[in-house]
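Here's the structure, in C-alpha cells; my notes come after.
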Amino acid sequence: MKFTKMQGIGNDYVYVNCFKETVEDPRTTAIKVSDRHFGIGSDGLILIKPSEVADFQMDMYNADGSRGAMCGNGIRCVAKYVYDYGLTDKTFISVETASGIKYLDLTVENGKVALGILMNRKVDILFSDIKMPYMDGLTLSKKLKELYQKIKIIIFSGFDEFEYAKEAIKIGISDYLLKPVSSAGLIDALKKAADEIREEREKSRLLERYFVSYEKYTEFLDKTDYSGVDRKLINDFLKLGSVEECSPFVEEYFAAIGEHNYKSLLLRQYMTMDIFYCVQEFLKKLKAEPPEVPESVVDIKRVPKVIESVEMTKAYLIEEFTAALQARDRASNDRYGSVIRDAKEYIRANFSQSDLSLNRIAVHIGVSPSYFSSIFKQETGQSFVEYLTQVRMERACELLKCTSYRTSEIGEQVGYNDSHYFSAAFKKAMGQSPKEYKASQTRQE
C-alpha cells in the first residue's frame with residue numbers, strides 16, 4: 001500500500017490515495033499504521049476517495065479503528081494533497097466528510113498561480129510564504145502592490161537574514177513573520193493589518209465628507225500649470241530636513257507653486273491634504289503617535305479650517321513639518337531603544353528558563369537573530385550571552401545571600417540544569433565559587 005504521512009499543526013495522519021489504491025479493511029489498517037511503536041505512527045488513517053456529491057471524499061479512521069467525523073487539520077492536509085499530486089487544479093474545492101460537505105479555499109504555494117488568481121479577485125489581506133516555486137513571495141508582493149496599492153501583505157519566512165526584511169519594507173509589505181509563527185503572533189499580525197484597513201477607510205470617508213470631489217480637482221489641474229504635490233520632494237525633506245528649515249521650506253514650496261495657483265482655495269485644500277497624508281505616513285513609519293506628537297498634528301478635521309487663508313495654510317504646514325521632524329530626531333536619538341528595552345525585559349522575565357536563546361528573543365521582538373545580536377552589542381556594549389549571564393549571576397547572588405537553597409537548586413532557578421556548569425560559570429563571573437561567595441557574605445554579616 002502506497003501512503004503519505006502528513007502533519008498539520010499537531011495532528012499527523014497517514015493518507016492513502018484511493019483513486020489508485022484499495023484499502024479492504026480500513027479499521028484494522030488504521031490500528032496497524034497508527035501504532036507508534038510497531039507501525040508508521042499517526043493519529044489515524046485518512047482515505048481520499050471519489051465522491052458523487054463533492055470534488056473528493058475524506059474517509060477518516062481514528063487510531064483505535066473507530067470512524068472519525070471530521071478533523072480541521074486533517075482536511076487541510078487533504079486539500080494540500082489533492083492539489084500537490086495533481087488530482088485537481090482548482091483552488092476552491094468541496095470535500096465530503098462524515099459531518100457533511102466542507103468547502104476549502106486553497107492558498108497555493110506557487111507565486112505565478114497565486115498572481116493569476118489575485119489579478120481577477122481583489123483581496124484586502126494576503127498571507128504568503130517567501131519561498132515558492134516559479135515566483136517567490138517578494139516578487140509576488142511587488143507585482144500585487146503595483147496592481148492593488150492598498151493590499152496588506154504578510155510574509156512568512158524561514159530566512160533570518162535582515163536583507164529579506166529590508167526588501168520587504170521597501171516593497172511595502174505590512175508584516176514579516178519569522179517561522180515558526182505562533183498562533184498569537186499570527187492573530188496579532190492579522191489584527192494589525194485589519195486596523196490599518198479600517199483606518200484608511202475612515203480617512204477615505206472623511207475625505208468624502210469634508211471635501212469636494214477628486215474629479216473637480218483634476219478638472220482644475222487641467223486648467224493650471226500646477227501638477228500636484230511633489231511627494232518625493234516632501235518625503236526627502238521629512239527624511240533630511242531640519243526643524244529650522246521648516247518655515248523657509250514652506251515659503252519656497254509656495255513660491256514654486258506660484259501665487260496664481262496657491263491663492264485658489266480648491267488647490268490649497270488638496271495640496272494641504274496631500275502633505276497631511278505624507279506627514280501621517282512618515283509618522284506611522286516612526287511609530288510616533290499622541291501623546292508623543294500633538295493631537296492637532298494627526299487631526300484631519302483641522303484641514304477645512306486652516307485653508308481659509310494662505311497664511312493660515314502656511315502656518316499649519318510649518319506646524320506639521322516641525323512635529324514630524326522633531327519625532328524623527330527623537331527616534332534617531334533612541335534608534336534602537338525600544339528593541340533593546342523589550343529584549344532586556346524579556347530576558348529578565350525568562351532568564352530562569354534553561355532554553356532561553358538569542359533566536360527565541362529575536363522572534364519575540366520581531367527582528368532577525370543576526371540583526372538583534374549586532375544592535376544589542378552596539379547599544380549595550382555586551383553580547384547577549386554576557387548580559388544573560390550577568391542577570392543570572394545577579395539573581396544567584398541574591399539567592400546565595402538571602403536563602404538556604406543548595407547550589408544545585410539555585411542553579412536551576414537561574415537557568416542552569418547542570419550544577420557543575422553553574423558553579424563553573426559563577427566562578428568565572430564572580431571570581432569565587434558559589435560556596436565561597438556564600439561564606440564571604442555570612443562573614444560580612
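A note on labels: chains of the C-alpha cells are A, B, ... as shown, every chain counts residues from 1, and ligands are counted from 1 in their shown order.
With only C-alpha atoms taken into account, the protein and nucleic acid residues at most 7 Å from stretch 245-253 of chain A (excluding it and anything under 2 positions from it in its own chain) are Gly241, Ser242, Val243, Ala255, Ala256, Ile257, Lys314, Ile318, Phe321 and Thr322 of chain A.
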DSSP-assigned helix (DSSP H, G or I) among stretch 68-116 of chain A, expressed as a ChimeraX atom specification: /A:72-84,111-116
Near-stretch 278-287 of chain A list (7 Å; only C-alpha atoms; drop same-chain fewer than 3 positions) as a ChimeraX atom specification: /A:274-275,298,324,328,331
Residue with smallest distance to A:Leu400 - pool A:Met135, A:Leu144, A:Val414, A:Met70, counting only C-alpha atoms: A:Val414
Residue neighbourhood A:Glu308, 12 Å, only C-alpha atoms, exclusion window fewer than 4 positions, as a VMD selection string: chain A and resid 262 to 269 272 302 to 304 312 to 316
Strand (DSSP E or B) residues, from DSSP on the backbone, in stretch 36-135 of chain A, as number ranges by chain: A: 44-49, 56-62, 67-68, 92-97, 100-105, 125-129
Distance in Å - atom CA of A:Tyr13 versus atom CA of A:Asp136: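 The value is 29.2 Å.
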Spatial neighbours of stretch 167-174 of chain A, max dist 7 Å, only C-alpha atoms, sep filter under 6 positions, as a list of chain:residue names: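 Returned residues: A:Leu138, A:Lys142, A:Lys152, A:Ile153, A:Ile154, A:Ala193.
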Could you save those same residues with C-alpha atoms as a PDB file, in the first residue's frame?
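Output file result38.pdb follows:
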```pdb
ATOM      1  CA  LEU A 138       8.666  39.062  -2.527  1.00  0.00           C
ATOM      2  CA  LYS A 142       5.830  43.574  -5.576  1.00  0.00           C
ATOM      3  CA  LYS A 152      -1.933  44.345   3.036  1.00  0.00           C
ATOM      4  CA  ILE A 153       0.655  41.587   2.635  1.00  0.00           C
ATOM      5  CA  ILE A 154       2.018  39.441   5.468  1.00  0.00           C
ATOM      6  CA  ALA A 193      -3.478  44.715   9.106  1.00  0.00           C
TER       7      ALA A 193
END
```
Surrounding residues of A:Ala425 excluding itself and chain neighbours under 4 positions, 10 Å, only C-alpha atoms, as a ChimeraX atom specification: /A:389,393,416,419-421,429-434
Residue nearest A:Ser42 - candidates A:Asp64, A:Glu295, A:Asp59, A:Asp329, atoms counted: only C-alpha atoms: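 With only C-alpha atoms as the atom set, the closest residue is A:Asp64.
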Close residues, stretch 362-368 of chain A itself excluded, 12 Å, only C-alpha atoms, min 2 positions apart in chain, as a PyMOL selection string: chain A and resi 157-166+175-182+184-185+188-189+336+338-347+350+356-360+370-376+384
Put those residues in a file: C-alpha atoms, as a compact mmCIF listing (two decimals), in the first residue's frame.
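In the end it all went to out.txt:
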```txt
# COMPACT_ATOMS: atom_id res chain seq x y z
CA SER A 157 9.85 33.34 6.14
CA GLY A 158 12.35 30.87 7.48
CA PHE A 159 15.14 33.28 6.48
CA ASP A 160 16.55 35.33 9.32
CA GLU A 161 18.71 37.50 7.05
CA PHE A 162 17.82 41.14 7.54
CA GLU A 163 18.25 41.79 3.80
CA TYR A 164 14.96 39.98 3.17
CA ALA A 165 13.19 42.14 5.76
CA LYS A 166 14.65 45.32 4.23
CA ASP A 175 4.44 42.41 8.28
CA TYR A 176 7.39 40.00 8.03
CA LEU A 177 7.00 36.97 10.33
CA LEU A 178 9.83 34.55 11.06
CA LYS A 179 8.93 30.86 11.21
CA PRO A 180 7.84 29.17 13.37
CA VAL A 181 4.92 31.58 13.78
CA SER A 182 2.80 31.20 16.90
CA ALA A 184 -0.79 34.58 18.87
CA GLY A 185 1.75 36.16 16.52
CA ASP A 188 -1.60 39.99 16.12
CA ALA A 189 -0.39 40.48 12.54
CA TYR A 336 17.21 51.04 18.94
CA SER A 338 12.59 50.20 22.28
CA VAL A 339 14.06 47.00 20.79
CA ILE A 340 16.75 46.81 23.49
CA ARG A 341 14.25 47.62 26.27
CA ASP A 342 11.88 44.89 25.07
CA ALA A 343 14.74 42.41 24.86
CA LYS A 344 16.01 43.22 28.37
CA GLU A 345 12.51 42.95 29.83
CA TYR A 346 12.04 39.57 28.15
CA ILE A 347 15.43 38.33 29.42
CA ASN A 350 12.60 34.45 31.39
CA LEU A 356 16.38 30.86 26.62
CA SER A 357 18.27 31.68 23.42
CA LEU A 358 19.16 34.57 21.15
CA ASN A 359 16.89 33.14 18.43
CA ARG A 360 13.93 32.97 20.77
CA SER A 370 21.88 38.35 13.42
CA TYR A 371 20.41 41.86 13.47
CA PHE A 372 19.43 41.58 17.14
CA SER A 373 22.89 40.30 18.11
CA SER A 374 24.52 43.21 16.29
CA ILE A 375 22.41 46.04 17.74
CA PHE A 376 22.39 44.56 21.26
CA PHE A 384 23.52 38.75 24.53
```
Coordinates-based distance that separates atom CA of A:Met1 from atom CA of A:Thr91 (Å, one decimal):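 Computed distance, atom CA of A:Thr91 to atom CA of A:Met1, equals 28.3 Å.
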Selected residue of minimal separation from A:Gly74 among A:Asn235, A:Thr29, A:Ser183, A:Gln7, counting only C-alpha atoms: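 Looking only at the distances to A:Gly74, the closest residue turns out to be A:Gln7.
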Between atom CA of A:Ile125 and atom CA of A:Arg231 - distance in Å to one decimal: 25.9 Å
